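Report on one structure; see the data block that follows.
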There are 4 protein chains.
Amino acid sequence: MCAIFGIFGHKDAASLAYLGLYALQHRGEESAGIVVRNGRKARVHKGMGLVSDVFAQETLKGLHGELAIGHTRYSTTGSSSSKNIQPFLFDHKKSQIAIAHNGNIINALGLRNALEGKGSIFQTTMDTEVIAHLIAGSEDGDFRANIIGSLSQVQGAYSLVMMFNDVLVGARDPYGFRPLCLGKLNDAYILAGETCALDLIGARYVRDIEPGEVVFIHKNGLEAVKPFPRAGHRMCIFEYIYFARPDSNIFGRNVYLTRKELGRHLARESPLDCDLVMPVPDSGNSAAIGFAQESDIPLEYGLIRNHYVGRTFIQPTQSIRDFRVKVKLNPIRDVLRGKRIVVIEDSIVRGTTSRIRVKTLRAVGVKQVHMRVSCPPLRFPCYFGIDFPTQKELIAARHSVRRISDFLGVDSLEYLSRDEMLNSMPLPKDEFCTACFDGNYVMCPNKKICKGILE
Amino acid sequence: MCAIFGIFGHKDAASLAYLGLYALQHRGEESAGIVVRNGRKARVHKGMGLVSDVFAQETLKGLHGELAIGHTRYSTTGSSSSKNIQPFLFDHKKSQIAIAHNGNIINALGLRNALEGKGSIFQTTMDTEVIAHLIAGSEDGDFRANIIGSLSQVQGAYSLVMMFNDVLVGARDPYGFRPLCLGKLNDAYILAGETCALDLIGARYVRDIEPGEVVFIHKNGLEAVKPFPRAGHRMCIFEYIYFARPDSNIFGRNVYLTRKELGRHLARESPLDCDLVMPVPDSGNSAAIGFAQESDIPLEYGLIRNHYVGRTFIQPTQSIRDFRVKVKLNPIRDVLRGKRIVVIEDSIVRGTTSRIRVKTLRAVGVKQVHMRVSCPPLRFPCYFGIDFPTQKELIAARHSVRRISDFLGVDSLEYLSRDEMLNSMPLPKDEFCTACFDGNYVMCPNKKICKGILE
Amino acid sequence: MCAIFGIFGHKDAASLAYLGLYALQHRGEESAGIVVRNGRKARVHKGMGLVSDVFAQETLKGLHGELAIGHTRYSTTGSSSSKNIQPFLFDHKKSQIAIAHNGNIINALGLRNALEGKGSIFQTTMDTEVIAHLIAGSEDGDFRANIIGSLSQVQGAYSLVMMFNDVLVGARDPYGFRPLCLGKLNDAYILAGETCALDLIGARYVRDIEPGEVVFIHKNGLEAVKPFPRAGHRMCIFEYIYFARPDSNIFGRNVYLTRKELGRHLARESPLDCDLVMPVPDSGNSAAIGFAQESDIPLEYGLIRNHYVGRTFIQPTQSIRDFRVKVKLNPIRDVLRGKRIVVIEDSIVRGTTSRIRVKTLRAVGVKQVHMRVSCPPLRFPCYFGIDFPTQKELIAARHSVRRISDFLGVDSLEYLSRDEMLNSMPLPKDEFCTACFDGNYVMCPNKKICKGILE
Amino acid sequence: MCAIFGIFGHKDAASLAYLGLYALQHRGEESAGIVVRNGRKARVHKGMGLVSDVFAQETLKGLHGELAIGHTRYSTTGSSSSKNIQPFLFDHKKSQIAIAHNGNIINALGLRNALEGKGSIFQTTMDTEVIAHLIAGSEDGDFRANIIGSLSQVQGAYSLVMMFNDVLVGARDPYGFRPLCLGKLNDAYILAGETCALDLIGARYVRDIEPGEVVFIHKNGLEAVKPFPRAGHRMCIFEYIYFARPDSNIFGRNVYLTRKELGRHLARESPLDCDLVMPVPDSGNSAAIGFAQESDIPLEYGLIRNHYVGRTFIQPTQSIRDFRVKVKLNPIRDVLRGKRIVVIEDSIVRGTTSRIRVKTLRAVGVKQVHMRVSCPPLRFPCYFGIDFPTQKELIAARHSVRRISDFLGVDSLEYLSRDEMLNSMPLPKDEFCTACFDGNYVMCPNKKICKGILE
């Protein structure tokens with residue numbers, strides 16, 4: 001999962017890209033970078049770490065130009081290394097090209113082998129570099145045709161923001177796995193992974209870039225084409241469940257309201273008698289509100305979040321364990337003691353964190369812990385850009401709900417069913433990819449081929 | 001406002017102090033330090049910045065010893081400078097003494113002048129250093145008597161944690177302005193500013209250190225004395241309203257539940273007809289729950305917090321203003337558009353942030369913005385440890401509620417009354433200091449003397 | 001000018017490469033890097049700055065393996081940028097290849113255009129990358145043939161150290177512009193730019209890599225081939241005059257003794273009556289000894305070097321100029337006052353530094369300043385790896401010796417003649433490139449083509 | 001041994017202090033600091049490391065004011081810790097006082113105990129802080145009288161530069177152990193440890209501050225007093241032998257010329273038949289010139305210094321030893337092989353470095369190594385500011401010259417005699433302290449009291 005952002009036609013392009021990435025930081029904490037074009041020259045600044053660590057005031061001041069693209073990375077393919085930081089910028093035959101990519105290209109290895117066979121040298125282990133080489137290897141001709149031709153060789157999930165000299169390019173794969181939206185700030189055009197990036201810079205949401213659409217933005221305006229064969233949409237349902245920010249609209253609809261619906265359906269599907277509803281903050285907040293409103297059980301904040309918990313917390317001693325979990329959320333004894341509570345989780349991946357949390361709730365004297373999860377069990381890996389652990393580590397891939405319930409130590413555990421999940425969605429059911437729940441992959445049914453791409 | 005923490009009798013003393021300070025980080029973000037004693041040698045590590053920035057894994061590993069005290073600072077007196085970082089450690093006549101202080105000593109300047117007259121050299125501009133010099137200047141004799149004798153010359157607010165060679169000392173001024181509690185972790189004793197620090201390290205809350213109490217903790221156990229003339233308590237009510245963490249118990253009671261009561265009384269005192277209740281997260285969350293439950297207006301999260309906002313956010317351009325406010329909280333258009341909403345604030349200091357926030361709410365199409373504040377107007381400076389801006393900058397010190405309402409641009413504004421605030425408290429009314437609301441200072445009625453202490 | 005170093009067959013390969021680069025630091029202060037191969041995996045560490053700044057103890061500890069190559073850079077082509085730091089490492093068709101280059105490839109731009117035309121993407125602006133792409137673009141086959149075939153397309157000066165999987169490769173262009181020697185340390189083979197690198201690690205000098213020779217060093221020993229058409233040698237005479245360390249042997253002979261000979265010939269060619277001979281330390285030391293011995297004028301240290309002068313000296317104020325020169329060398333008034341002195345310079349480039357120095361000598365009361373230079377006037381740019389300023393900035397390219405003498409403010413100025421310079425050399429006269437003195441370039445007579453290579 | 005510098009009356013005071021310290025860097029590499037006074041406010045910047053590391057361009061720009069004092073430290077008393085960095089700056093009764101000290105106060109411990117008994121808190125472990133407390137403890141009155149009264153209680157070696165509000169103060173103990181000179185740059189006054197600091201900033205040498213003299217420099221000019229009882233001078237002879245820079249004049253005479261005299265006397269006292277004279281650069285250079293001129297044996301540079309060797313060199317592996325010595329100086333085989341050589345050392349402390357060096361000379365085939373040392377054997381510790389190792393570690397304190405010769409592995413070893421050392425000096429014999437050679441201490445004959453001062 002990654003953040004992407006592009007802007008054309010604003011004198012503070014790099015600064016607005018910085019703000020856009022800041023708003024999209026949740027989509028990737030590993031590295032950040034911005035390429036900005038000034039006159040005929042492109043400059044890049046990138047580094048490992050959060051946007052706020054990578055960019056200092058001085059750095060931003062030095063990044064002049066009206067066209068910028070930015071990226072934050074949450075590694076999917078390619079090892080975690082400084083050479084893999086995006087955007088990927090290169091000079092080629094007097095052109096300057098930069099690419100920022102969100103998604104995962106499933107035929108990257110095969111394409112790379114073919115390109116190396118013709119003498120290309122790869123600098124990174126990222127699937128994204130393959131796109132760069134395809135473009136570089138195109139016959140001379142119209143760059144639009146070269147880009148479209150290159151993308152037509154690529155299979156998988158991609159939302160892309162590119163700079164080709166003084167043109168800003170946006171593209172979304174025909175299945176539309178990942179979101180990408182278009183905004184305007186006065187005369188400037190913006191491309192962003194989620195609408196919260198538009199909100200922060202005060203830009204107006206115009207529309208989504210559609211699945212299979214490629215846009216070229218330049219001084220004469222925006223050209224949009226849909227050059228690829230049409231495909232049924234497969235938008236990632238997990239963006240609604242967990243990944244996107246609640247204040248964003250993705251695929252055209254608000255995330256918070258969708259999550260509240262998940263909570264309402266969950267309350268209807270698995271009702272129970274309890275003293276209070278409690279979210280696991282902050283990811284469970286929206287569904288918990290929906291659950292509380294539907295069930296009429298009072299909502300309480302029984303777990304308090306420590307706002308200072310970031311990447312730098314040190315587990316200071318092995319003799320006293322579990323600090324990393326405990327330091328994030330502290331239960332309030334006086335609220336919870338002797339109560340029957342429903343804990344709302346957005347999803348369960350490995351189950352280890354939830355298990356420790358249940359223990360801390362028991363320790364303050366909770367009488368009954370019931371857990372309700374606002375999506376079905378996660379059973380299959382994602383080949384389209386979400387960095388789940390391997391299938392072996394997904395607790396629901398190997399264990400029944402009963403066994404998971406025992407492992408977590410709860411009094412009851414219920415997941416939202418696949419049907420009710422889809423009923424909670426603001427879009428038609430068949431437009432979503434739900435492969436992580438049901439294994440129904442639109443591409444690459446042979447999982448052996450899909451796995452372990454590039455390294 | 002500062003965090004203080006002390007521990008005696010645990011082999012991981014420095015690491016537990018680190019965790020304790022981590023839990024208390026909200027009480028001071030400017031600097032952090034830990035003194036640890038190993039055998040006959042004390043070591044200190046301190047620096048400007050957050051606990052997690054100041055202490056690296058390697059640093060903690062090097063801090064051996066079973067007695068440690070720690071501090072984080074949120075400057076009250078003394079300029080913001082690296083020489084003022086606490087704990088204040090010094091060698092004196094073969095003794096090693098370290099002090100960590102939360103509060104404010106109002107006769108510090110007079111004491112300092114007298115001590116300099118006798119030849120003492122001051123290294124810092126902190127009021128805390130005065131205590132050190134008083135102890136150093138004591139006649140030879142029992143150190144307990146010296147400490148008590150020194151504290152009896154000091155006027156103002158103090159919760160103290162000290163190391164005197166191999167003894168851990170805790171003290172709270174006779175008025176009990178600031179909280180200080182005692183915990184145990186197996187055989188180890190702990191002193192902490194709030195109970196959330198005990199929770200994180202898995203320690204058991206034993207009791208509060210009482211106003212006017214001094215405790216000496218050493219290898220034979222704990223000695224407690226109350227050597228000072230008795231005074232009526234003046235516990236800081238603002239700790240309940242804003243400063244303490246909701247998961248802490250202070251002055252013996254839970255903060256979250258107290259804030260919910262403030263919200264309930266607010267709903268009763270200033271009822272209104274609206275579509276939804278919305279907290280300003282996270283400080284307004286607890287009161288908003290109380291308000292929603294009492295008023296039966298549905299609670300919604302209309303403002304979403306960006307979790308990455310820390311100290312390092314850069315306002316990248318002057319041409320586009322107000323980012324620092326906007327980046328923290330983003331309103332959700334689809335939730336708020338066309339609605340009549342009640343916004344719950346814990347308190348209003350300058351009003352400037354609230355004003356920008358109201359603007360962003362109007363911008364997404366809110367129909368009516370009503371603001372309810374869970375305490376009375378802040379009108380007077382604090383001389384007892386809270387770092388309010390100068391009285392001139394407190395909006396309520398100079399303007400009527402009507403004028404504030406206009407300034408904020410809300411449809412209505414109501415504060416909780418002083419009486420109802422006190423009615424919401426879990427302790428008798430006359431045990432609180434409410435001077436910031438009513439100017440009723442227990443010490444130092446002549447504000448000219450009080451002001452501008454030390455620099 | 002750059003430092004190169006390679007080692008095969010020693011368990012401390014990276015540490016010895018570090019030491020080798022340390023000894024060769026004078027050949028390039030801008031950046032440093034080491035690639036080390038461990039099993040089937042190569043690791044690189046590189047950075048801007050001195051070897052001692054780029055490599056920390058921890059870094060070296062982490063660089064395991066028995067084959068390493070290293071480089072320090074003193075930019076000749078390619079802008080001064082972190083992307084241009086060598087060695088250049090890349091993965092290609094399951095092979096790992098790394099290159100460290102000293103010299104300058106004069107047909108780099110043409111080769112690059114051709115390679116880009118076939119779809120190659122360049123990551124740097126260095127001529128060295130061209131070699132990498134030539135190798136990558138070779139047909140499958142024996143890597144030895146591919147390397148030789150690639151080098152045969154390259155024109156210019158190169159001494160190269162390469163890693164091709166588990167083989168260490170060394171190469172020197174047919175003209176032999178730059179030095180490269182072979183050493184052994186027990187069973188390990190070493191390639192180094194100068195012998196002082198062998199001395200530091202205690203290795204034995206075996207022989208020079210000959211002009212036009214390519215060596216492949218692997219677990220079965222060393223294979224040497226001379227695959228290129230034979231050419232007359234053109235070894236850089238300026239290495240003897242200035243660049244190499246006096247304790248090194250290059251082109252098979254000692255540098256210090258050669259410089260003493262230059263000084264002796266200078267004394268014979270331009271004798272004079274004076275009170276003392278004084279070198280400009282340390283570059284003039286060797287020639288000054290020769291001059292003093294030949295002329296029987298006593299040697300004195302009249303200029304004292306400040307050992308702390310490095311890259312980080314700050315010129316603190318514009319109102320007081322010339323500190324950067326003065327801080328390096330301070331004249332001793334009591335030694336120089338009232339004396340007639342001969343100052344020995346190794347060479348004069350721009351003349352600005354010498355001029356300031358003469359001023360400081362006058363200021364302490366020197367009676368007569370005579371300058372003797374141990375080489376002829378520098379009049380032409382170097383296209384073979386020495387980073388002289390542009391021809392316009394070479395003082396002797398635009399002014400007569402008479403005018404230079406006036407500019408410097410000396411009582412007399414004499415350069416060593418071209419003939420006597422060659423007579424001082426330990427090798428036949430026709431084996432040297434003296435183009436910087438006489439413009440006699442073996443390649444690229446059309447200077448317009450030569451200039452401004454790549455950027 | 002430390003560097004001290006003071007300047008009054010120049011608008012670039014801090015920048016000139018920076019340059020002065022840069023010139024005096026050899027007197028202390030551990031830490032550096034500058035205090036500058038601007039209007040009524042003094043600012044300090046200090047840190048561990050070299051002057052060039054501690055001060056960045058930005059830092060200097062921020063240090064405005066016309067009065068500055070600076071210090072670099074080479075720890076003598078007080079542990080190596082950031083709290084001990086000088087100048088020591090403190091506020092006291094509305095005065096701002098700063099002290100920079102070179103020397104060693106032998107009654108510091110007793111004074112400190114007495115001051116602590118009266119309630120003073122010490123912040124450092126430096127003897128210098130004692131002077132600060134003595135001044136602070138003075139009765140109110142004229143600050144000149146207070147400073148003189150405080151210094152009259154102090155025993156030992158001190159050259160001091162102080163700031164007392166807007167007055168620059170200089171002082172030198174009655175024995176005159178350490179140098180201190182006065183210069184002028186236009187209207188500005190300068191105090192510096194050695195004259196090379198005056199040279200760098202272009203200041204004129206006026207005179208030495210005399211033993212027992214105190215000077216007060218202020219807007220009305222310079223007042224000089226000699227308030228202490230007269231004592232016979234005891235100027236440190238080791239400053240001439242090793243410590244001062246050759247381009248400095250100390251105690252009124254040039255160091256280089258004095259060292260040449262030491263070399264001449266050495267050649268006369270211990271003549272021998274050899275092929276060449278070789279200094280250990282750079283500390284042996286001056287004496288070697290004198291030796292060569294007197295003996296008529298040719299001087300050669302057989303050991304070449306690596307200019308990049310600083311504090312940061314890493315000994316990368318334990319399996320290959322002695323790099324720290326070898327990396328500094330590399331012998332030239334072609335110069336030394338088969339030769340009988342005289343090596344000139346300024347002094348021998350532990351002997352371990354010399355021993356390794358002799359080994360490296362043998363390894364390149366030197367036929368005979370004779371060592372001549374330009375001072376007598378070092379047998380006694382220094383209590384007056386030079387940081388020799390403990391007496392046990394001084395090789396000559398425990399071994400005969402014969403045994404040392406064997407240990408070093410030389411063919412012959414001769415030291416200059418005490419008489420000839422004194423005959424080489426430019427000042428009367430009885431004005432020097434020679435205690436490190438003969439144990440003849442002017443103060444503190446009971447070494448037990450002297451030793452281990454403060455810690």
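The chains in the structure tokens are called A, B, ... from first to last as shown; in each chain the residues are counted from 1, and the ligands are counted from 1 in the order shown.
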
Query - Selection: 9 Å around Leu191 in chain C, only C-alpha atoms, excl. self and same-chain fewer than 2 positions, as number ranges by chain - result: C: 4-8, 69, 161, 169-170, 180-184, 189, 193-194, 198, 209

Query raised in the report: Just asking: which residues within range 69-230 of chain A are strand (DSSP E or B) according to DSSP, as a PyMOL selection string?
Result: chain A and resi 69-73+88-92+95-105+122+156-164+167-172+181-185+188-192+204-208+214-218+221-225

If you take only C-alpha atoms and a cut-off of 10 Å, which residues of chain D touch chain B, and what are their nearest atom pairs and distances in Å to one decimal, in chain and number order, as JSON lines?
{"residue": "D:Leu89", "atom": "CA", "partner": "B:Gln123", "partner_atom": "CA", "distance": 8.7}
{"residue": "D:Phe90", "atom": "CA", "partner": "B:Gln123", "partner_atom": "CA", "distance": 6.5}
{"residue": "D:Asp91", "atom": "CA", "partner": "B:Phe122", "partner_atom": "CA", "distance": 6.9}
{"residue": "D:His92", "atom": "CA", "partner": "B:Ile121", "partner_atom": "CA", "distance": 6.3}
{"residue": "D:Lys93", "atom": "CA", "partner": "B:Glu116", "partner_atom": "CA", "distance": 6.3}
{"residue": "D:Lys94", "atom": "CA", "partner": "B:Asn113", "partner_atom": "CA", "distance": 9.8}
{"residue": "D:Arg112", "atom": "CA", "partner": "B:Lys93", "partner_atom": "CA", "distance": 9.3}
{"residue": "D:Asn113", "atom": "CA", "partner": "B:Lys93", "partner_atom": "CA", "distance": 7.2}
{"residue": "D:Ala114", "atom": "CA", "partner": "B:Lys93", "partner_atom": "CA", "distance": 9.8}
{"residue": "D:Leu115", "atom": "CA", "partner": "B:Gly119", "partner_atom": "CA", "distance": 9.1}
{"residue": "D:Glu116", "atom": "CA", "partner": "B:Lys93", "partner_atom": "CA", "distance": 6.3}
{"residue": "D:Gly117", "atom": "CA", "partner": "B:Lys93", "partner_atom": "CA", "distance": 7.4}
{"residue": "D:Lys118", "atom": "CA", "partner": "B:Gly137", "partner_atom": "CA", "distance": 6.4}
{"residue": "D:Gly119", "atom": "CA", "partner": "B:Gly137", "partner_atom": "CA", "distance": 3.8}
{"residue": "D:Ser120", "atom": "CA", "partner": "B:Ser120", "partner_atom": "CA", "distance": 5.3}
{"residue": "D:Ile121", "atom": "CA", "partner": "B:His92", "partner_atom": "CA", "distance": 6.3}
{"residue": "D:Phe122", "atom": "CA", "partner": "B:Asp91", "partner_atom": "CA", "distance": 6.8}
{"residue": "D:Gln123", "atom": "CA", "partner": "B:Phe90", "partner_atom": "CA", "distance": 6.5}
{"residue": "D:Thr124", "atom": "CA", "partner": "B:Phe90", "partner_atom": "CA", "distance": 8.9}
{"residue": "D:Thr125", "atom": "CA", "partner": "B:Asp91", "partner_atom": "CA", "distance": 9.5}
{"residue": "D:Ala132", "atom": "CA", "partner": "B:Ile121", "partner_atom": "CA", "distance": 8.2}
{"residue": "D:His133", "atom": "CA", "partner": "B:Ile121", "partner_atom": "CA", "distance": 6.9}
{"residue": "D:Leu134", "atom": "CA", "partner": "B:Gly119", "partner_atom": "CA", "distance": 8.1}
{"residue": "D:Ile135", "atom": "CA", "partner": "B:Gly119", "partner_atom": "CA", "distance": 8.2}
{"residue": "D:Ala136", "atom": "CA", "partner": "B:Gly119", "partner_atom": "CA", "distance": 4.9}
{"residue": "D:Gly137", "atom": "CA", "partner": "B:Gly119", "partner_atom": "CA", "distance": 3.8}
{"residue": "D:Ser138", "atom": "CA", "partner": "B:Gly119", "partner_atom": "CA", "distance": 7.1}
{"residue": "D:Glu139", "atom": "CA", "partner": "B:Gly119", "partner_atom": "CA", "distance": 8.6}
{"residue": "D:Asp140", "atom": "CA", "partner": "B:Gly117", "partner_atom": "CA", "distance": 8.7}

Query raised in the report: If we count only C-alpha atoms, what is near range 214-223 of chain D at a cut-off of 7 Å, once residues fewer than 4 positions away on the same chain are taken out, given as a list in words?
Result: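 Answer for this query is Asp166, Val167, Leu168, Val169, Gly170, Ala171 and Arg172 of chain D.
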
Report task. Do a neighbour search on Lys41 in chain D at 12 Å with only C-alpha atoms, toss out local chain neighbours closer than 2 positions, and write the hits as a PyMOL selection string. Result -> chain D and resi 35-39+43-44+63-68+89-91+94-97+163-166

Any chance you can output those residues with C-alpha atoms as a short mmCIF file (atom, residue, chain, number, x, y, z; two decimals), in the first residue's frame?
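Output contents, as saved in selection12.cif:
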data_model
loop_
_atom_site.label_atom_id
_atom_site.label_comp_id
_atom_site.auth_asym_id
_atom_site.auth_seq_id
_atom_site.Cartn_x
_atom_site.Cartn_y
_atom_site.Cartn_z
CA VAL D 35 31.38 33.09 25.35
CA VAL D 36 30.44 36.35 23.70
CA ARG D 37 28.84 39.40 25.27
CA ASN D 38 26.37 41.52 23.37
CA GLY D 39 24.92 44.50 25.20
CA ARG D 43 25.83 33.84 25.08
CA VAL D 44 27.84 30.65 25.12
CA LEU D 63 27.24 35.10 18.21
CA HIS D 64 27.17 38.89 18.14
CA GLY D 65 29.15 41.16 20.43
CA GLU D 66 32.48 42.90 20.88
CA LEU D 67 33.87 40.94 23.83
CA ALA D 68 34.55 37.23 23.62
CA LEU D 89 29.83 30.94 32.49
CA PHE D 90 27.56 31.95 35.35
CA ASP D 91 25.15 34.68 36.41
CA LYS D 94 23.15 40.58 38.19
CA SER D 95 26.72 40.09 36.98
CA GLN D 96 27.73 37.77 34.22
CA ILE D 97 31.06 36.09 34.69
CA MET D 163 34.84 38.09 31.22
CA PHE D 164 33.38 40.11 34.11
CA ASN D 165 30.37 41.86 32.62
CA ASP D 166 31.86 44.22 30.03
#

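Note that the spacing between CA of Val309 in chain A and CA of Gly338 in chain A amounts to 28.9 Å.
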
Polymer residues at most 9 Å from Arg264 in chain D, only C-alpha atoms, same-chain spacing of 2 or more positions, as a PDB file with C-alpha atoms, in the first residue's frame:
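After the write, out-v4.pdb holds the following:
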ATOM      1  CA  ARG D 259      64.195  23.713  18.924  1.00  0.00           C
ATOM      2  CA  LYS D 260      66.878  24.083  16.258  1.00  0.00           C
ATOM      3  CA  GLU D 261      69.277  25.003  19.080  1.00  0.00           C
ATOM      4  CA  LEU D 262      68.232  21.854  20.971  1.00  0.00           C
ATOM      5  CA  LEU D 266      72.282  17.362  20.650  1.00  0.00           C
ATOM      6  CA  ALA D 267      74.515  16.909  17.592  1.00  0.00           C
ATOM      7  CA  ARG D 268      77.447  18.308  19.507  1.00  0.00           C
ATOM      8  CA  GLU D 269      76.804  16.295  22.654  1.00  0.00           C
ATOM      9  CA  ALA D 287      65.482  19.806  16.004  1.00  0.00           C
ATOM     10  CA  ALA D 288      66.389  17.632  13.002  1.00  0.00           C
ATOM     11  CA  ILE D 289      67.250  20.710  10.931  1.00  0.00           C
ATOM     12  CA  GLY D 290      69.540  21.906  13.723  1.00  0.00           C
ATOM     13  CA  PHE D 291      71.076  18.459  14.063  1.00  0.00           C
ATOM     14  CA  ALA D 292      71.678  18.155  10.309  1.00  0.00           C
ATOM     15  CA  GLN D 293      73.194  21.614   9.996  1.00  0.00           C
ATOM     16  CA  GLU D 294      75.519  21.065  12.965  1.00  0.00           C
ATOM     17  CA  SER D 295      76.554  17.500  12.028  1.00  0.00           C
ATOM     18  CA  SER D 424      69.900  25.767  24.347  1.00  0.00           C
TER      19      SER D 424
END

Query raised in the report: In range 9-89 of chain D, what's alpha helix (DSSP H) per DSSP? Answer as a VMD selection string?
Result: chain D and resid 13 to 23 51 to 54 57 to 61

Report task. Do a neighbour search on Tyr308 in chain A at 10 Å with only C-alpha atoms, toss out local chain neighbours closer than 6 positions, and write the hits as a list in words. Result ->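 Listing them by chain and then by number gives Val327 and Lys328 of chain A; Tyr22, Ala23, Leu24, Gln25, His26, Glu29, Leu50, Val51, Ser52, His307, Tyr308, Val309 and Gly310 of chain B.
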
**Report entry** Nearest candidate to Val358 in chain B (options B:Val280, B:Met162, B:Cys382, B:Ile304; using only C-alpha atoms)
**Finding:**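 Nearest candidate to Val358 in chain B out of B:Val280, B:Met162, B:Cys382, B:Ile304: B:Val280.
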
Requested in this report: For Met443 in chain D, please output as a PyMOL selection string all residues within 9 Å (counting only C-alpha atoms; exclusion window: fewer than 3 positions along the same chain).
Outcome: chain D and resi 106+155-156+440+446

Could you write those residues out with C-alpha atoms, as a PDB file, in the first residue's frame?
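As written to disk, again-v7.pdb reads:
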ATOM      1  CA  ILE D 106      46.901  22.273  43.250  1.00  0.00           C
ATOM      2  CA  GLN D 155      47.963  27.881  44.427  1.00  0.00           C
ATOM      3  CA  GLY D 156      49.354  26.377  41.275  1.00  0.00           C
ATOM      4  CA  ASN D 440      62.367  19.624  41.520  1.00  0.00           C
ATOM      5  CA  ASN D 446      54.732  15.895  49.128  1.00  0.00           C
TER       6      ASN D 446
END
